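Student: Sharing a structure below in structure tokens format, with a few things to ask.
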Amino acid sequence: MISILIVGNGNVATHLYNAFLKADQLTVTQLNSRNLREIPKATITIIAVSDDAIATISSKINNSLVVHTSGSVAMEDLKNTSSKGVFYMLQTFSKNKKIDFSRVPFCLEAENKEDYQLLAILAKSIGKKIYPVNSEQRKALHVAAVFVNNFTNHLYKIGNDICIENNVPFEILHPLIYETAQKIKTLSPEEAQTGPAIRNDKKTIKNHLELLNDQQQKIYKLITTSIKN
């Protein structure tokens, strides 16, 4: 039986806790990161808090294996004196949106082979996709994820604003968004690129810019130039 302690109560911590509750051969406890006076013993302690708090919180934990869930924090930034590792799930987590962990990539790192194998067993208890990823690789993946997820979602927001301003439903764009996401499963992003920028359609680009406010124009021009280049 593997005992798990999750420190934190945000989106990642909550989804992990609920998933581990349903897994066999696991016991799981969740602890608010603000209440670290009495820390339960556990086989694996998972720190799922903001990046800036990881070092401070880990310094207060003496359990045998302590890992964090961050994409951008190095394993060495953990300040516990026991074994260290990383249990990073490359996925976006929202509190009220269920997660299918069988589709989530688990990017794992540990100081030794035995701890890595233990983290792999834990990941396989709720998921299927396991990858050995070191801190530098994970940092690069995290930046790439910001582009394909956070920045893309912000572009959805701009698209939604434009639809609202012109009294058309944003849901008309849903099939296009879906097809674009599906296309990169069989084509590289470069091969899948379409639109006025790749065609250098100057008249269409000029018409688009006339519809946009100043901030939207800056983003449109920057991305258009990037695509052209």
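FYI, nothing fancy with the structure tokens labels: chains A, B, ... in order, residues from 1 per chain, ligands from 1 as they appear.
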Determine, counting only C-alpha atoms, which protein, DNA and RNA residues have an atom within 9 Å of an atom of Gln25 in chain A; residues of the same chain fewer than 5 positions away are not included. Present the result as a PyMOL selection string.

Tutor: chain A and resi 1-3+125

Student: Pick out each residue of range 18-198 of chain A that DSSP on the backbone tags as strand (DSSP E or B); I need them as a count of residues only.

Tutor: 31

Student: Would you mind listing what lies within 8 Å of Ile6 in chain A as a ChimeraX atom specification, with only C-alpha atoms counted and same-chain residues fewer than 6 positions away left out?

Tutor: /A:13,17,28-31,45-48

Student: Find the distance between CA of Ile61 in chain A and CA of Gly8 in chain A and write it in Å to one decimal.

Tutor: 13.3 Å

Student: Measuring between only C-alpha atoms, which one of A:Ile172, A:Leu209, A:Val12, A:Ala23 shows the shortest distance to Asn96 in chain A?

Tutor: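 Checking each of A:Ile172, A:Leu209, A:Val12, A:Ala23 against Asn96 in chain A, counting only C-alpha atoms, the winner is A:Val12.
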
Student: Write out as a PyMOL selection string which residues come within 10 Å of Asn200 in chain A when counting only C-alpha atoms, dropping same-chain ones fewer than 2 positions away.

Tutor: chain A and resi 195-198+202-205+224-225+227-228

Student: Could those residues be written to a file, using N, CA, C and O atoms, as an mmCIF file, in the first residue's frame?

Tutor:
data_model
loop_
_atom_site.group_PDB
_atom_site.id
_atom_site.type_symbol
_atom_site.label_atom_id
_atom_site.label_comp_id
_atom_site.auth_asym_id
_atom_site.auth_seq_id
_atom_site.Cartn_x
_atom_site.Cartn_y
_atom_site.Cartn_z
ATOM 1 N N GLY A 195 -4.352 30.601 -43.907
ATOM 2 C CA GLY A 195 -4.747 31.965 -43.580
ATOM 3 C C GLY A 195 -4.069 33.034 -44.413
ATOM 4 O O GLY A 195 -3.161 32.760 -45.197
ATOM 5 N N PRO A 196 -4.491 34.284 -44.241
ATOM 6 C CA PRO A 196 -3.988 35.381 -45.070
ATOM 7 C C PRO A 196 -2.491 35.666 -44.888
ATOM 8 O O PRO A 196 -1.833 36.103 -45.820
ATOM 9 N N ALA A 197 -1.939 35.409 -43.698
ATOM 10 C CA ALA A 197 -0.520 35.700 -43.480
ATOM 11 C C ALA A 197 0.360 34.777 -44.307
ATOM 12 O O ALA A 197 1.319 35.229 -44.949
ATOM 13 N N ILE A 198 0.050 33.468 -44.305
ATOM 14 C CA ILE A 198 0.868 32.512 -45.057
ATOM 15 C C ILE A 198 0.719 32.741 -46.560
ATOM 16 O O ILE A 198 1.634 32.463 -47.349
ATOM 17 N N LYS A 202 -2.410 40.764 -48.722
ATOM 18 C CA LYS A 202 -2.294 42.102 -48.134
ATOM 19 C C LYS A 202 -3.647 42.807 -47.995
ATOM 20 O O LYS A 202 -3.895 43.513 -47.014
ATOM 21 N N LYS A 203 -4.514 42.633 -48.981
ATOM 22 C CA LYS A 203 -5.821 43.300 -48.929
ATOM 23 C C LYS A 203 -6.656 42.784 -47.754
ATOM 24 O O LYS A 203 -7.272 43.569 -47.027
ATOM 25 N N THR A 204 -6.660 41.446 -47.545
ATOM 26 C CA THR A 204 -7.419 40.863 -46.427
ATOM 27 C C THR A 204 -6.832 41.312 -45.100
ATOM 28 O O THR A 204 -7.579 41.658 -44.164
ATOM 29 N N ILE A 205 -5.509 41.314 -45.007
ATOM 30 C CA ILE A 205 -4.854 41.746 -43.759
ATOM 31 C C ILE A 205 -5.219 43.195 -43.448
ATOM 32 O O ILE A 205 -5.530 43.536 -42.301
ATOM 33 N N THR A 224 1.087 37.920 -37.427
ATOM 34 C CA THR A 224 1.153 37.884 -38.890
ATOM 35 C C THR A 224 2.605 37.924 -39.365
ATOM 36 O O THR A 224 3.014 37.154 -40.250
ATOM 37 N N THR A 225 3.409 38.810 -38.762
ATOM 38 C CA THR A 225 4.828 38.892 -39.126
ATOM 39 C C THR A 225 5.559 37.602 -38.804
ATOM 40 O O THR A 225 6.385 37.109 -39.588
ATOM 41 N N ILE A 227 4.293 34.559 -38.673
ATOM 42 C CA ILE A 227 3.891 33.531 -39.647
ATOM 43 C C ILE A 227 4.611 33.756 -40.981
ATOM 44 O O ILE A 227 5.122 32.805 -41.596
ATOM 45 N N LYS A 228 4.671 34.998 -41.425
ATOM 46 C CA LYS A 228 5.355 35.309 -42.682
ATOM 47 C C LYS A 228 6.833 34.874 -42.637
ATOM 48 O O LYS A 228 7.384 34.356 -43.600
#

Student: Using only C-alpha atoms, which residue out of A:Ala181, A:Ala42, A:Leu187, A:Val49 lies closest to Leu65 in chain A?

Tutor: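 Closest to Leu65 in chain A, using only C-alpha atoms: A:Ala42.
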
Student: Using only C-alpha atoms, which residue out of A:Ala120, A:Leu222, A:Met89, A:Leu155 lies closest to Arg103 in chain A?

Tutor: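 Checking each candidate against Arg103 in chain A, we get A:Met89 as the closest.
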
Student: Among range 8-198 of chain A, which ones does DSSP place in alpha helix (DSSP H), written as a count of residues only?

Tutor: 70

Student: Just want the 8 Å neighbourhood of range 79-81 of chain A, counted on only C-alpha atoms, with same-chain residues fewer than 4 positions away dropped. Output as number ranges by chain.

Tutor: A: 55-56, 58-62, 66

Student: May I have the residues from that selection written out with all heavy atoms, as a PDB file, in the first residue's frame?

Tutor:
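See out05.pdb below for the written result:
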ATOM      1  N   ALA A  55       9.681  26.041  -2.422  1.00  0.00           N
ATOM      2  CA  ALA A  55      10.903  25.954  -1.618  1.00  0.00           C
ATOM      3  C   ALA A  55      10.591  26.048  -0.135  1.00  0.00           C
ATOM      4  O   ALA A  55      11.067  25.223   0.675  1.00  0.00           O
ATOM      5  CB  ALA A  55      11.886  27.053  -2.034  1.00  0.00           C
ATOM      6  N   THR A  56       9.784  27.022   0.248  1.00  0.00           N
ATOM      7  CA  THR A  56       9.463  27.229   1.669  1.00  0.00           C
ATOM      8  C   THR A  56       8.720  26.039   2.251  1.00  0.00           C
ATOM      9  O   THR A  56       9.052  25.546   3.337  1.00  0.00           O
ATOM     10  CB  THR A  56       8.615  28.504   1.842  1.00  0.00           C
ATOM     11  OG1 THR A  56       9.360  29.622   1.362  1.00  0.00           O
ATOM     12  CG2 THR A  56       8.270  28.726   3.302  1.00  0.00           C
ATOM     13  N   SER A  58       8.517  22.896   1.095  1.00  0.00           N
ATOM     14  CA  SER A  58       9.307  21.653   1.093  1.00  0.00           C
ATOM     15  C   SER A  58      10.331  21.627   2.225  1.00  0.00           C
ATOM     16  O   SER A  58      10.663  20.555   2.729  1.00  0.00           O
ATOM     17  CB  SER A  58      10.017  21.479  -0.255  1.00  0.00           C
ATOM     18  OG  SER A  58      10.908  22.550  -0.517  1.00  0.00           O
ATOM     19  N   SER A  59      10.800  22.793   2.644  1.00  0.00           N
ATOM     20  CA  SER A  59      11.788  22.851   3.732  1.00  0.00           C
ATOM     21  C   SER A  59      11.208  22.418   5.071  1.00  0.00           C
ATOM     22  O   SER A  59      11.946  22.092   6.005  1.00  0.00           O
ATOM     23  CB  SER A  59      12.353  24.271   3.855  1.00  0.00           C
ATOM     24  OG  SER A  59      11.361  25.173   4.327  1.00  0.00           O
ATOM     25  N   LYS A  60       9.874  22.374   5.156  1.00  0.00           N
ATOM     26  CA  LYS A  60       9.205  22.007   6.410  1.00  0.00           C
ATOM     27  C   LYS A  60       8.793  20.534   6.461  1.00  0.00           C
ATOM     28  O   LYS A  60       8.197  20.088   7.438  1.00  0.00           O
ATOM     29  CB  LYS A  60       7.960  22.887   6.602  1.00  0.00           C
ATOM     30  CG  LYS A  60       8.266  24.373   6.662  1.00  0.00           C
ATOM     31  CD  LYS A  60       6.983  25.190   6.757  1.00  0.00           C
ATOM     32  CE  LYS A  60       7.279  26.692   6.776  1.00  0.00           C
ATOM     33  NZ  LYS A  60       6.045  27.502   6.857  1.00  0.00           N
ATOM     34  N   ILE A  61       9.106  19.769   5.403  1.00  0.00           N
ATOM     35  CA  ILE A  61       8.638  18.383   5.293  1.00  0.00           C
ATOM     36  C   ILE A  61       9.809  17.415   5.368  1.00  0.00           C
ATOM     37  O   ILE A  61      10.801  17.573   4.655  1.00  0.00           O
ATOM     38  CB  ILE A  61       7.861  18.182   3.977  1.00  0.00           C
ATOM     39  CG1 ILE A  61       6.631  19.105   3.955  1.00  0.00           C
ATOM     40  CG2 ILE A  61       7.426  16.722   3.817  1.00  0.00           C
ATOM     41  CD1 ILE A  61       5.886  19.116   2.638  1.00  0.00           C
ATOM     42  N   ASN A  62       9.669  16.408   6.222  1.00  0.00           N
ATOM     43  CA  ASN A  62      10.741  15.431   6.425  1.00  0.00           C
ATOM     44  C   ASN A  62      10.392  14.034   5.920  1.00  0.00           C
ATOM     45  O   ASN A  62      11.114  13.074   6.214  1.00  0.00           O
ATOM     46  CB  ASN A  62      11.104  15.348   7.919  1.00  0.00           C
ATOM     47  CG  ASN A  62      11.682  16.652   8.435  1.00  0.00           C
ATOM     48  OD1 ASN A  62      12.512  17.268   7.776  1.00  0.00           O
ATOM     49  ND2 ASN A  62      11.224  17.092   9.603  1.00  0.00           N
ATOM     50  N   VAL A  66       9.738  13.564  -1.434  1.00  0.00           N
ATOM     51  CA  VAL A  66       8.949  14.779  -1.615  1.00  0.00           C
ATOM     52  C   VAL A  66       9.076  15.230  -3.063  1.00  0.00           C
ATOM     53  O   VAL A  66      10.190  15.360  -3.587  1.00  0.00           O
ATOM     54  CB  VAL A  66       9.436  15.904  -0.671  1.00  0.00           C
ATOM     55  CG1 VAL A  66       8.618  17.178  -0.891  1.00  0.00           C
ATOM     56  CG2 VAL A  66       9.337  15.451   0.789  1.00  0.00           C
TER      57      VAL A  66
END

Student: Between CA of Glu109 in chain A and CA of Phe87 in chain A, what is the distance, to one decimal in Å?

Tutor: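 These two atoms are separated by 7.0 Å.
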